[in-house]
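Structure file input.cif (mmCIF, C-alpha atoms) is printed below.
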```
data_entry
loop_
_atom_site.label_atom_id
_atom_site.label_comp_id
_atom_site.auth_asym_id
_atom_site.auth_seq_id
_atom_site.Cartn_x
_atom_site.Cartn_y
_atom_site.Cartn_z
CA MET A 1 -3.05 36.24 -26.38
CA PRO A 2 -1.87 32.75 -27.55
CA LYS A 3 -4.46 30.54 -29.25
CA ARG A 4 -4.88 26.79 -28.81
CA SER A 5 -3.76 26.35 -32.42
CA ASP A 6 -0.39 27.90 -31.51
CA PHE A 7 0.61 24.76 -29.53
CA GLU A 8 0.67 20.99 -29.80
CA TRP A 9 -1.50 19.01 -27.36
CA LEU A 10 -1.41 15.50 -25.96
CA GLU A 11 -5.10 15.12 -26.77
CA ASP A 12 -4.28 15.27 -30.49
CA ARG A 13 -1.52 12.63 -30.39
CA SER A 14 -1.92 8.96 -31.31
CA ASP A 15 -3.70 6.65 -28.87
CA TRP A 16 -0.52 4.70 -28.15
CA ILE A 17 1.26 7.89 -27.06
CA LYS A 18 -1.62 8.88 -24.79
CA ASN A 19 -1.75 5.37 -23.34
CA ALA A 20 1.98 5.46 -22.67
CA TYR A 21 1.73 8.70 -20.69
CA ARG A 22 -1.35 7.45 -18.87
CA LEU A 23 0.58 4.36 -17.87
CA LYS A 24 3.45 6.55 -16.62
CA LEU A 25 0.99 8.34 -14.33
CA GLU A 26 -0.59 5.10 -13.08
CA VAL A 27 2.82 3.80 -12.06
CA GLU A 28 3.73 7.10 -10.37
CA TYR A 29 0.44 7.23 -8.45
CA ARG A 30 1.22 3.90 -6.85
CA ARG A 31 4.79 4.75 -5.89
CA THR A 32 4.25 8.25 -4.46
CA HIS A 33 2.83 9.34 -1.11
CA GLY A 34 2.88 12.51 0.95
CA THR A 35 5.31 15.10 -0.37
CA SER A 36 6.32 12.95 -3.36
CA PHE A 37 2.70 12.81 -4.55
CA GLN A 38 2.42 16.58 -4.18
CA LEU A 39 5.52 16.95 -6.36
CA LEU A 40 3.90 14.64 -8.94
CA PHE A 41 0.75 16.78 -8.81
CA ASP A 42 2.89 19.89 -9.39
CA ARG A 43 4.41 18.27 -12.50
CA ILE A 44 0.99 17.36 -13.87
CA MET A 45 -0.33 20.87 -13.31
CA ARG A 46 2.71 22.50 -14.91
CA SER A 47 2.21 20.22 -17.92
CA ILE A 48 -1.28 21.68 -18.28
CA HIS A 49 -1.00 25.26 -17.06
CA GLY A 50 2.67 26.18 -17.36
CA ASP A 51 3.65 29.28 -15.39
CA ASP A 52 0.06 29.97 -14.40
CA TYR A 53 0.36 27.19 -11.84
CA ILE A 54 2.33 28.08 -8.70
CA ALA A 55 3.60 25.37 -6.37
CA THR A 56 3.82 26.36 -2.70
CA ALA A 57 5.92 25.28 0.26
CA THR A 58 5.48 25.27 4.03
CA TYR A 59 7.25 27.91 6.12
CA GLY A 60 7.89 27.64 9.86
CA ASN A 61 4.85 27.62 12.11
CA GLU A 62 2.66 29.11 9.42
CA GLY A 63 2.73 25.94 7.29
CA ASP A 64 1.29 26.34 3.80
CA LEU A 65 -1.78 28.38 4.89
CA GLY A 66 -4.08 25.68 3.53
CA CYS A 67 -2.72 26.00 -0.01
CA ASP A 68 -0.58 23.31 -1.69
CA GLY A 69 -0.63 25.11 -5.06
CA PHE A 70 -2.77 27.56 -7.00
CA LEU A 71 -3.68 28.88 -10.44
CA LYS A 72 -3.03 32.63 -10.51
CA SER A 73 -5.38 33.63 -13.32
CA ARG A 74 -8.39 31.72 -12.00
CA LYS A 75 -7.75 31.99 -8.25
CA VAL A 76 -8.02 28.22 -7.83
CA PHE A 77 -6.41 26.79 -4.70
CA PHE A 78 -5.47 23.14 -4.21
CA ALA A 79 -5.09 20.97 -1.11
CA VAL A 80 -3.36 17.63 -1.73
CA TYR A 81 -3.84 14.48 0.37
CA SER A 82 -1.85 11.26 -0.15
CA PRO A 83 -1.06 9.45 3.10
CA SER A 84 1.49 6.66 3.47
CA PRO A 85 1.02 3.76 3.34
CA TYR A 86 -2.78 3.55 3.05
CA PHE A 87 -5.65 5.83 2.10
CA ARG A 88 -8.24 5.83 4.87
CA LEU A 89 -11.58 7.46 4.18
CA ALA A 90 -12.24 8.71 7.73
CA GLU A 91 -8.82 10.37 7.82
CA ALA A 92 -9.42 11.86 4.36
CA ARG A 93 -12.64 13.48 5.59
CA ASN A 94 -10.87 14.89 8.63
CA LYS A 95 -8.03 16.22 6.48
CA MET A 96 -10.48 17.83 4.06
CA LYS A 97 -12.28 19.56 6.92
CA ALA A 98 -9.01 20.76 8.50
CA ASP A 99 -7.60 22.05 5.19
CA PHE A 100 -10.79 23.92 4.38
CA ALA A 101 -10.91 25.46 7.86
CA ARG A 102 -7.33 26.67 7.30
CA LEU A 103 -8.38 28.18 3.97
CA GLU A 104 -11.25 30.05 5.66
CA GLU A 105 -8.86 31.31 8.33
CA CYS A 106 -6.10 32.54 6.03
CA TRP A 107 -7.77 33.73 2.80
CA GLN A 108 -10.58 36.01 1.71
CA ILE A 109 -13.41 34.26 -0.16
CA PRO A 110 -14.09 35.07 -2.99
CA LYS A 111 -11.70 38.01 -3.32
CA GLN A 112 -8.58 35.83 -3.12
CA VAL A 113 -10.04 32.36 -3.73
CA LYS A 114 -12.77 31.47 -6.22
CA GLN A 115 -12.34 27.69 -6.28
CA TRP A 116 -10.92 25.22 -3.76
CA THR A 117 -10.03 21.70 -4.90
CA PHE A 118 -9.19 18.76 -2.64
CA VAL A 119 -6.87 16.36 -4.52
CA ILE A 120 -6.58 12.73 -3.36
CA ASN A 121 -4.26 9.90 -4.41
CA TYR A 122 -7.12 7.42 -4.78
CA PRO A 123 -8.84 5.90 -7.85
CA GLY A 124 -12.13 7.76 -7.33
CA ALA A 125 -13.85 10.40 -5.20
CA HIS A 126 -15.98 8.87 -2.42
CA PRO A 127 -19.55 10.25 -2.08
CA SER A 128 -18.85 11.37 1.49
CA LEU A 129 -16.07 13.67 0.23
CA LEU A 130 -18.38 15.05 -2.44
CA ALA A 131 -20.98 15.66 0.27
CA LEU A 132 -18.42 17.66 2.22
CA ALA A 133 -17.71 19.71 -0.90
CA GLN A 134 -21.43 20.54 -1.16
CA GLU A 135 -21.49 21.46 2.52
CA PHE A 136 -18.59 23.89 2.04
CA GLU A 137 -20.28 25.47 -1.00
CA GLU A 138 -23.46 25.99 1.00
CA ARG A 139 -21.35 27.78 3.61
CA HIS A 140 -19.77 29.93 0.86
CA PRO A 141 -22.15 30.21 -2.12
CA GLU A 142 -19.62 32.35 -4.00
CA LEU A 143 -16.98 29.57 -3.85
CA THR A 144 -16.70 26.44 -6.03
CA VAL A 145 -15.47 23.37 -4.16
CA ALA A 146 -14.31 20.22 -5.98
CA VAL A 147 -12.74 16.84 -5.22
CA TRP A 148 -10.23 15.40 -7.69
CA SER A 149 -9.19 11.76 -7.63
CA ARG A 150 -6.47 10.08 -9.69
CA TYR A 151 -9.06 9.54 -12.41
CA ASP A 152 -9.84 13.26 -12.59
CA LEU A 153 -6.14 14.15 -12.65
CA THR A 154 -5.48 11.74 -15.50
CA GLN A 155 -8.43 13.03 -17.53
CA GLN A 156 -7.26 16.61 -17.09
CA PHE A 157 -3.78 15.55 -18.18
CA LEU A 158 -4.93 13.66 -21.29
CA ILE A 159 -7.16 16.49 -22.50
CA PHE A 160 -5.26 19.63 -21.55
CA ALA A 161 -1.53 18.75 -21.31
CA ARG A 162 0.59 20.83 -23.72
CA MET A 163 3.31 18.83 -25.43
CA ASP A 164 6.19 21.27 -24.87
CA LEU A 165 5.36 21.52 -21.16
CA LEU A 166 4.71 17.79 -20.84
CA LEU A 167 8.04 16.83 -22.39
CA SER A 168 9.94 18.97 -19.92
CA GLU A 169 8.17 17.30 -17.00
CA PHE A 170 7.78 13.66 -18.10
CA GLY A 171 10.05 13.24 -21.11
CA SER A 172 9.22 11.51 -24.38
CA VAL A 173 7.93 7.97 -24.89
CA GLU A 174 9.84 5.34 -26.81
CA GLN A 175 8.58 4.09 -30.16
CA LYS A 176 8.60 0.50 -28.93
CA VAL A 177 5.72 1.33 -26.56
CA GLN A 178 3.48 1.32 -29.65
CA GLU A 179 3.84 -2.45 -29.72
CA LEU A 180 1.88 -2.76 -26.46
CA ALA A 181 -1.47 -2.17 -28.18
CA PRO A 182 -3.59 -4.17 -28.42
CA LEU A 183 -2.72 -6.01 -25.21
CA ASN A 184 -3.45 -9.72 -25.05
CA PHE A 185 -2.32 -12.32 -22.57
CA VAL A 186 -2.28 -16.00 -23.50
CA PRO A 187 0.01 -18.41 -21.63
CA GLU A 188 1.84 -20.57 -24.21
CA ASP A 189 5.31 -22.05 -24.72
CA THR A 190 8.25 -19.63 -24.55
CA ALA A 191 11.23 -18.56 -22.46
CA LEU A 192 10.93 -16.25 -19.48
CA PRO A 193 12.17 -12.61 -19.78
CA SER A 194 15.36 -13.25 -17.83
CA ASP A 195 16.35 -9.74 -16.69
CA GLU A 196 12.91 -9.03 -15.28
CA ALA A 197 12.75 -12.45 -13.62
CA THR A 198 16.16 -11.97 -12.00
CA LEU A 199 15.18 -8.55 -10.64
CA THR A 200 11.92 -10.01 -9.27
CA TYR A 201 13.79 -12.83 -7.52
CA ARG A 202 16.31 -10.39 -6.01
CA ARG A 203 13.49 -8.11 -4.85
CA LEU A 204 11.58 -10.95 -3.19
CA SER A 205 14.77 -12.19 -1.56
CA ALA A 206 15.59 -8.72 -0.19
CA ARG A 207 12.09 -8.40 1.25
CA ILE A 208 12.16 -11.84 2.85
CA ARG A 209 15.60 -11.15 4.35
CA CYS A 210 14.49 -7.68 5.57
CA GLN A 211 17.17 -5.88 3.55
CA LYS A 212 15.30 -2.59 3.34
CA VAL A 213 17.85 -0.52 1.41
CA ASP A 214 18.27 -3.18 -1.28
CA TYR A 215 14.52 -3.78 -1.44
CA ASP A 216 13.72 -0.08 -1.87
CA GLN A 217 16.36 0.31 -4.60
CA LEU A 218 15.15 -2.77 -6.47
CA THR A 219 11.54 -1.64 -6.14
CA ASN A 220 12.38 1.69 -7.74
CA GLU A 221 14.11 -0.11 -10.61
CA TRP A 222 11.09 -2.38 -11.03
CA LEU A 223 8.59 0.48 -11.13
CA ASP A 224 10.73 2.44 -13.61
CA GLN A 225 10.90 -0.55 -15.96
CA LEU A 226 7.24 -1.45 -15.49
CA SER A 227 6.07 1.70 -17.29
CA HIS A 228 8.19 0.88 -20.37
CA ASP A 229 6.97 -2.65 -20.97
CA PRO A 230 4.22 -3.81 -18.59
CA LEU A 231 3.37 -6.87 -20.67
CA ARG A 232 6.80 -8.43 -20.07
CA TRP A 233 6.40 -7.79 -16.35
CA MET A 234 2.92 -9.31 -16.45
CA MET A 235 4.48 -12.50 -17.83
CA VAL A 236 7.06 -12.54 -15.05
CA HIS A 237 4.65 -11.92 -12.17
CA PHE A 238 2.23 -14.48 -13.61
CA GLN A 239 5.10 -16.97 -13.73
CA PHE A 240 6.24 -16.31 -10.16
CA LEU A 241 2.72 -16.73 -8.82
CA VAL A 242 2.38 -20.01 -10.72
CA GLY A 243 5.66 -21.09 -9.12
CA ALA A 244 4.40 -20.14 -5.65
CA MET A 245 1.16 -22.04 -6.26
CA ALA A 246 3.12 -25.07 -7.44
CA SER A 247 5.18 -25.01 -4.24
CA VAL A 248 2.01 -24.80 -2.13
CA GLY A 249 0.31 -27.56 -4.12
CA MET A 250 3.21 -29.99 -3.85
CA ALA A 251 3.37 -29.47 -0.07
CA GLY A 252 -0.41 -29.62 0.37
CA SER A 253 -0.21 -26.36 2.33
CA PHE A 254 -3.62 -25.07 1.24
CA ALA A 255 -6.06 -25.54 -1.64
CA ILE A 256 -5.10 -23.32 -4.59
CA GLU A 257 -8.66 -23.39 -5.94
CA ASP A 258 -10.00 -22.25 -2.56
CA PRO A 259 -7.21 -20.30 -0.79
CA PRO A 260 -7.44 -18.81 2.74
CA LEU A 261 -8.44 -15.37 1.48
CA ARG A 262 -8.24 -13.42 4.75
CA ARG A 263 -4.77 -14.70 5.60
CA LEU A 264 -3.61 -14.20 2.03
CA LYS A 265 -4.94 -10.65 1.83
CA PHE A 266 -3.33 -9.77 5.17
CA GLU A 267 0.07 -11.04 4.05
CA THR A 268 -0.07 -9.22 0.69
CA GLY A 269 -0.99 -5.83 2.17
CA VAL A 270 -3.10 -5.12 -0.94
CA ALA A 271 -5.62 -2.29 -0.46
CA ASP A 272 -9.31 -3.23 -0.33
CA PHE A 273 -10.26 -1.59 -3.63
CA ALA A 274 -7.38 -3.28 -5.49
CA TRP A 275 -8.22 -6.64 -3.93
CA ARG A 276 -11.85 -6.39 -5.00
CA LYS A 277 -11.01 -5.28 -8.54
CA TYR A 278 -7.98 -7.41 -9.41
CA PHE A 279 -7.74 -10.46 -7.15
CA LYS A 280 -9.99 -12.82 -9.12
CA THR A 281 -8.04 -12.23 -12.33
CA ALA A 282 -4.64 -12.11 -10.61
CA TRP A 283 -5.23 -15.43 -8.84
CA GLY A 284 -7.54 -17.07 -11.37
CA GLY A 285 -5.16 -16.84 -14.34
CA PRO A 286 -2.28 -18.80 -12.74
CA ALA A 287 -4.72 -21.20 -11.00
CA SER A 288 -6.46 -22.01 -14.28
CA LEU A 289 -3.09 -22.67 -15.92
CA ILE A 290 -2.30 -25.22 -13.20
CA PHE A 291 -5.72 -26.90 -13.02
CA GLN A 292 -6.84 -26.38 -16.65
CA GLU A 293 -10.49 -27.48 -17.02
CA ASP A 294 -10.65 -28.47 -13.34
CA TYR A 295 -10.54 -24.82 -12.28
CA LYS A 296 -14.25 -23.92 -12.24
CA LYS A 297 -14.17 -20.31 -11.03
CA GLU A 298 -14.73 -17.54 -13.55
CA PHE A 299 -12.62 -14.38 -13.55
CA PRO A 300 -12.52 -11.19 -15.70
CA SER A 301 -10.04 -11.24 -18.56
CA ILE A 302 -7.44 -8.53 -19.12
CA GLY A 303 -8.01 -8.07 -22.84
CA GLY A 304 -6.63 -4.73 -24.03
CA ASP A 305 -7.28 -2.84 -20.79
CA ILE A 306 -4.01 -1.23 -19.64
CA ASP A 307 -5.47 -0.30 -16.24
CA MET A 308 -6.46 -3.94 -15.73
CA LEU A 309 -3.06 -5.12 -16.91
CA ILE A 310 -1.02 -3.03 -14.50
CA GLY A 311 -3.43 -3.62 -11.60
CA VAL A 312 -3.29 -7.40 -12.04
CA CYS A 313 0.48 -7.23 -12.50
CA LEU A 314 0.96 -5.39 -9.19
CA VAL A 315 -1.44 -7.65 -7.30
CA GLN A 316 0.23 -10.79 -8.66
CA ASP A 317 3.56 -9.45 -7.44
CA ALA A 318 2.09 -8.96 -3.96
CA LEU A 319 0.37 -12.37 -4.08
CA THR A 320 3.64 -14.19 -4.73
CA LEU A 321 5.13 -12.87 -1.50
CA GLY A 322 1.82 -13.37 0.34
CA THR A 323 1.56 -16.98 -0.85
CA ILE A 324 5.13 -17.70 0.28
CA ARG A 325 4.41 -16.23 3.70
CA VAL A 326 1.13 -18.09 4.25
CA HIS A 327 2.84 -21.29 3.07
CA SER A 328 5.62 -20.67 5.59
CA ARG A 329 3.20 -20.01 8.47
CA ILE A 330 1.30 -23.22 7.79
CA THR A 331 4.24 -25.56 7.19
CA GLY A 332 6.99 -23.99 9.30
CA LEU A 333 9.34 -23.91 6.31
CA TRP A 334 11.73 -20.95 5.99
CA GLU A 335 10.51 -18.29 3.55
CA ASN A 336 13.88 -18.15 1.78
CA GLU A 337 13.77 -21.93 1.26
CA ILE A 338 10.31 -21.63 -0.25
CA LEU A 339 11.53 -18.85 -2.53
CA GLU A 340 14.29 -21.13 -3.85
CA GLU A 341 11.69 -23.77 -4.65
CA VAL A 342 9.47 -21.15 -6.33
CA TRP A 343 12.45 -20.06 -8.44
CA SER A 344 13.04 -23.63 -9.58
CA HIS A 345 9.41 -23.82 -10.76
CA VAL A 346 9.62 -20.38 -12.39
CA THR A 347 12.51 -21.39 -14.61
CA GLU A 348 10.78 -24.58 -15.80
CA ILE A 349 7.25 -23.37 -16.68
CA LYS A 350 6.68 -22.02 -20.20
CA ILE A 351 4.67 -18.93 -21.15
CA HIS A 352 3.65 -16.72 -24.09
CA PRO A 353 6.26 -15.54 -26.66
CA GLU A 354 7.96 -12.19 -26.06
#
```

Show this structure as structure tokens.
Amino acid sequence: MPKRSDFEWLEDRSDWIKNAYRLKLEVEYRRTHGTSFQLLFDRIMRSIHGDDYIATATYGNEGDLGCDGFLKSRKVFFAVYSPSPYFRLAEARNKMKADFARLEECWQIPKQVKQWTFVINYPGAHPSLLALAQEFEERHPELTVAVWSRYDLTQQFLIFARMDLLLSEFGSVEQKVQELAPLNFVPEDTALPSDEATLTYRRLSARIRCQKVDYDQLTNEWLDQLSHDPLRWMMVHFQFLVGAMASVGMAGSFAIEDPPLRRLKFETGVADFAWRKYFKTAWGGPASLIFQEDYKKEFPSIGGDIDMLIGVCLVQDALTLGTIRVHSRITGLWENEILEEVWSHVTEIKIHPE
């Protein structure tokens, strides 16, 4: 029987390597839904359990029999839930109930199943889902029922992923990623990362012009690059949002220090949890750069928190488009004309050295 000492583990690697893989997962969580998230879950589980983990597939009218994957040796079954485009708690509860009912119908507890785990593409497990898990355990005292969120998946990955398995699923990380720690963000004089800025402009333009194929392709490129150097992308998205604010301010469209939050949130499409956690920093940083000491509102800093960095980066990207759209609704200006003005501001404002 192999021993732990016979293998190399992610847990024992340097912090910068672990942070790089954690960042890879965070990016993938945000870009995958439905079947694609289940495939990501399969990759994570194979990185931890190897051949002991078996991925399943649906078949005809029988579906997947309430099992999206299982661990042979431990008789642990998984049900995976990641709707597109938004996670809704009421629907998650209904899905959890339906999946568990299917498990009861198709499998013998505990002879065939000793643990059932409901996996969700969401930052944390809501208490109502945990309450359902307790309810199911009371119905079957011999069965363990768990709920895993993205946080739980990541923790499992960081502690138990085996390097040889992990490399085959997620590849290696580049040495330059080490330079990301510690992460600090201070807007000062420099040039803008031009390749990233150009891609951002093209992506915004494709979205505004409703060019779905181009937008999807550019979004995939953006997300792939984001995991390699999120700090450069943070600079770019910060810069674009400053440009959008400058356009709004010059037109007197709305007050940057007190924006129309409901309209802005609607136009961004940012999920409630991300809005609550990242908006103040995402909006406050660019606003404070514009207003300096006149911007009185406090907001959390990013510091060396990679989760905060990528969350703020993604929300700032959404806020740029949202700001352009609200500006357009209020003034009647064309969105593509506003984008051109934003671009002119973007190329003039200076930021922190690369």

Straight-line distance linking CA of Glu104 (chain A) with CA of Val147 (chain A), stated in Å to one decimal: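 Here the two named atoms are 17.2 Å from each other.
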
Best match for closeness to Ile17 (chain A) among A:Thr268, A:Ser344, A:Ser247, A:Ser172, counting all atoms listed in the file: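 Among the listed residues, the smallest separation from Ile17 (chain A) belongs to A:Ser172.
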
Interatomic distance, CA of Trp233 (chain A) to CA of Asn19 (chain A) (Å, one decimal):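 Going from CA of Trp233 (chain A) over to CA of Asn19 (chain A) covers 17.0 Å.
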
Residue IDs satisfying the PyMOL selection byres ((chain A and resi 131-138) around 9), as a list in words: Arg93, Met96, Lys97, Phe100, Thr117, Phe118, His126, Pro127, Ser128, Leu129, Leu130, Arg139, His140, Pro141, Glu142, Leu143, Thr144, Val145, Ala146 and Val147 of chain A

Residue by residue, what does the PyMOL selection byres ((chain A and resi 157-171) around 9) grab here? Present the result as a PDB file with C-alpha atoms, in the frame of the given file.
```
ATOM      1  CA  PHE A   7       0.610  24.760 -29.530  1.00  0.00           C
ATOM      2  CA  GLU A   8       0.670  20.990 -29.800  1.00  0.00           C
ATOM      3  CA  TRP A   9      -1.500  19.010 -27.360  1.00  0.00           C
ATOM      4  CA  LEU A  10      -1.410  15.500 -25.960  1.00  0.00           C
ATOM      5  CA  GLU A  11      -5.100  15.120 -26.770  1.00  0.00           C
ATOM      6  CA  ASP A  12      -4.280  15.270 -30.490  1.00  0.00           C
ATOM      7  CA  LYS A  18      -1.620   8.880 -24.790  1.00  0.00           C
ATOM      8  CA  TYR A  21       1.730   8.700 -20.690  1.00  0.00           C
ATOM      9  CA  ARG A  22      -1.350   7.450 -18.870  1.00  0.00           C
ATOM     10  CA  LYS A  24       3.450   6.550 -16.620  1.00  0.00           C
ATOM     11  CA  ARG A  43       4.410  18.270 -12.500  1.00  0.00           C
ATOM     12  CA  ILE A  44       0.990  17.360 -13.870  1.00  0.00           C
ATOM     13  CA  MET A  45      -0.330  20.870 -13.310  1.00  0.00           C
ATOM     14  CA  ARG A  46       2.710  22.500 -14.910  1.00  0.00           C
ATOM     15  CA  SER A  47       2.210  20.220 -17.920  1.00  0.00           C
ATOM     16  CA  ILE A  48      -1.280  21.680 -18.280  1.00  0.00           C
ATOM     17  CA  HIS A  49      -1.000  25.260 -17.060  1.00  0.00           C
ATOM     18  CA  GLY A  50       2.670  26.180 -17.360  1.00  0.00           C
ATOM     19  CA  ASP A 152      -9.840  13.260 -12.590  1.00  0.00           C
ATOM     20  CA  LEU A 153      -6.140  14.150 -12.650  1.00  0.00           C
ATOM     21  CA  THR A 154      -5.480  11.740 -15.500  1.00  0.00           C
ATOM     22  CA  GLN A 155      -8.430  13.030 -17.530  1.00  0.00           C
ATOM     23  CA  GLN A 156      -7.260  16.610 -17.090  1.00  0.00           C
ATOM     24  CA  SER A 172       9.220  11.510 -24.380  1.00  0.00           C
ATOM     25  CA  VAL A 173       7.930   7.970 -24.890  1.00  0.00           C
TER      26      VAL A 173
END
```

Output check: residues returned by the PyMOL selection byres ((chain A and resi 287) around 12), as an NGL selection string: :A and (187 or 238-239 or 241-246 or 248-249 or 255-259 or 279-286 or 288-299 or 316)

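Excluding Gln108 (chain A) and any residue on its chain fewer than 5 positions from it, the residues at most 12 Å away by all atoms listed in the file are A:Lys75, A:Phe77, A:Arg102, A:Leu103, A:Val113, A:Lys114, A:Gln115, A:His140, A:Glu142, A:Leu143.
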
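Reported to one decimal place, the separation of CA of Lys277 (chain A) from CA of Ala92 (chain A) is 21.5 Å.
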
Selection: 12 Å around Glu337 (chain A), all atoms listed in the file, excl. self and same-chain fewer than 5 positions, as a PDB file with C-alpha atoms, in the coordinates of the input:
```
ATOM      1  CA  SER A 205      14.770 -12.190  -1.560  1.00  0.00           C
ATOM      2  CA  ILE A 208      12.160 -11.840   2.850  1.00  0.00           C
ATOM      3  CA  ARG A 209      15.600 -11.150   4.350  1.00  0.00           C
ATOM      4  CA  ALA A 244       4.400 -20.140  -5.650  1.00  0.00           C
ATOM      5  CA  SER A 247       5.180 -25.010  -4.240  1.00  0.00           C
ATOM      6  CA  ILE A 324       5.130 -17.700   0.280  1.00  0.00           C
ATOM      7  CA  ARG A 325       4.410 -16.230   3.700  1.00  0.00           C
ATOM      8  CA  HIS A 327       2.840 -21.290   3.070  1.00  0.00           C
ATOM      9  CA  SER A 328       5.620 -20.670   5.590  1.00  0.00           C
ATOM     10  CA  THR A 331       4.240 -25.560   7.190  1.00  0.00           C
ATOM     11  CA  GLY A 332       6.990 -23.990   9.300  1.00  0.00           C
ATOM     12  CA  VAL A 342       9.470 -21.150  -6.330  1.00  0.00           C
ATOM     13  CA  TRP A 343      12.450 -20.060  -8.440  1.00  0.00           C
ATOM     14  CA  SER A 344      13.040 -23.630  -9.580  1.00  0.00           C
TER      15      SER A 344
END
```

What's the 10 Å shell around Leu226 (chain A), counting all atoms listed in the file, without same-chain residues fewer than 4 positions away, as a compact mmCIF listing (two decimals) with C-alpha atoms, in the frame of the given file?
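And here is the file that came out, selection25.txt:
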```txt
# COMPACT_ATOMS: atom_id res chain seq x y z
CA LEU A 23 0.58 4.36 -17.87
CA LYS A 24 3.45 6.55 -16.62
CA VAL A 27 2.82 3.80 -12.06
CA GLU A 196 12.91 -9.03 -15.28
CA ASN A 220 12.38 1.69 -7.74
CA GLU A 221 14.11 -0.11 -10.61
CA TRP A 222 11.09 -2.38 -11.03
CA PRO A 230 4.22 -3.81 -18.59
CA LEU A 231 3.37 -6.87 -20.67
CA ARG A 232 6.80 -8.43 -20.07
CA TRP A 233 6.40 -7.79 -16.35
CA MET A 234 2.92 -9.31 -16.45
CA ILE A 310 -1.02 -3.03 -14.50
CA CYS A 313 0.48 -7.23 -12.50
CA LEU A 314 0.96 -5.39 -9.19
```

Shell of 9 Å around Leu25 (chain A), all atoms listed in the file, local chain residues under 6 positions omitted, as an MDAnalysis selection string: chainID A and resid 40 150 154 227

Top pick for closest residue to Ser149 (chain A), considering A:Ala55, A:Glu335, A:Val80, A:Tyr201 and counting all atoms listed in the file: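 Looking at the shortest contact to Ser149 (chain A), the residue is A:Val80.
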
Selected residue of minimal separation from Val312 (chain A) among A:Val236, A:Leu89, A:Leu333, A:Ala197, counting only C-alpha atoms: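 Smallest distance to Val312 (chain A) is found for A:Val236.
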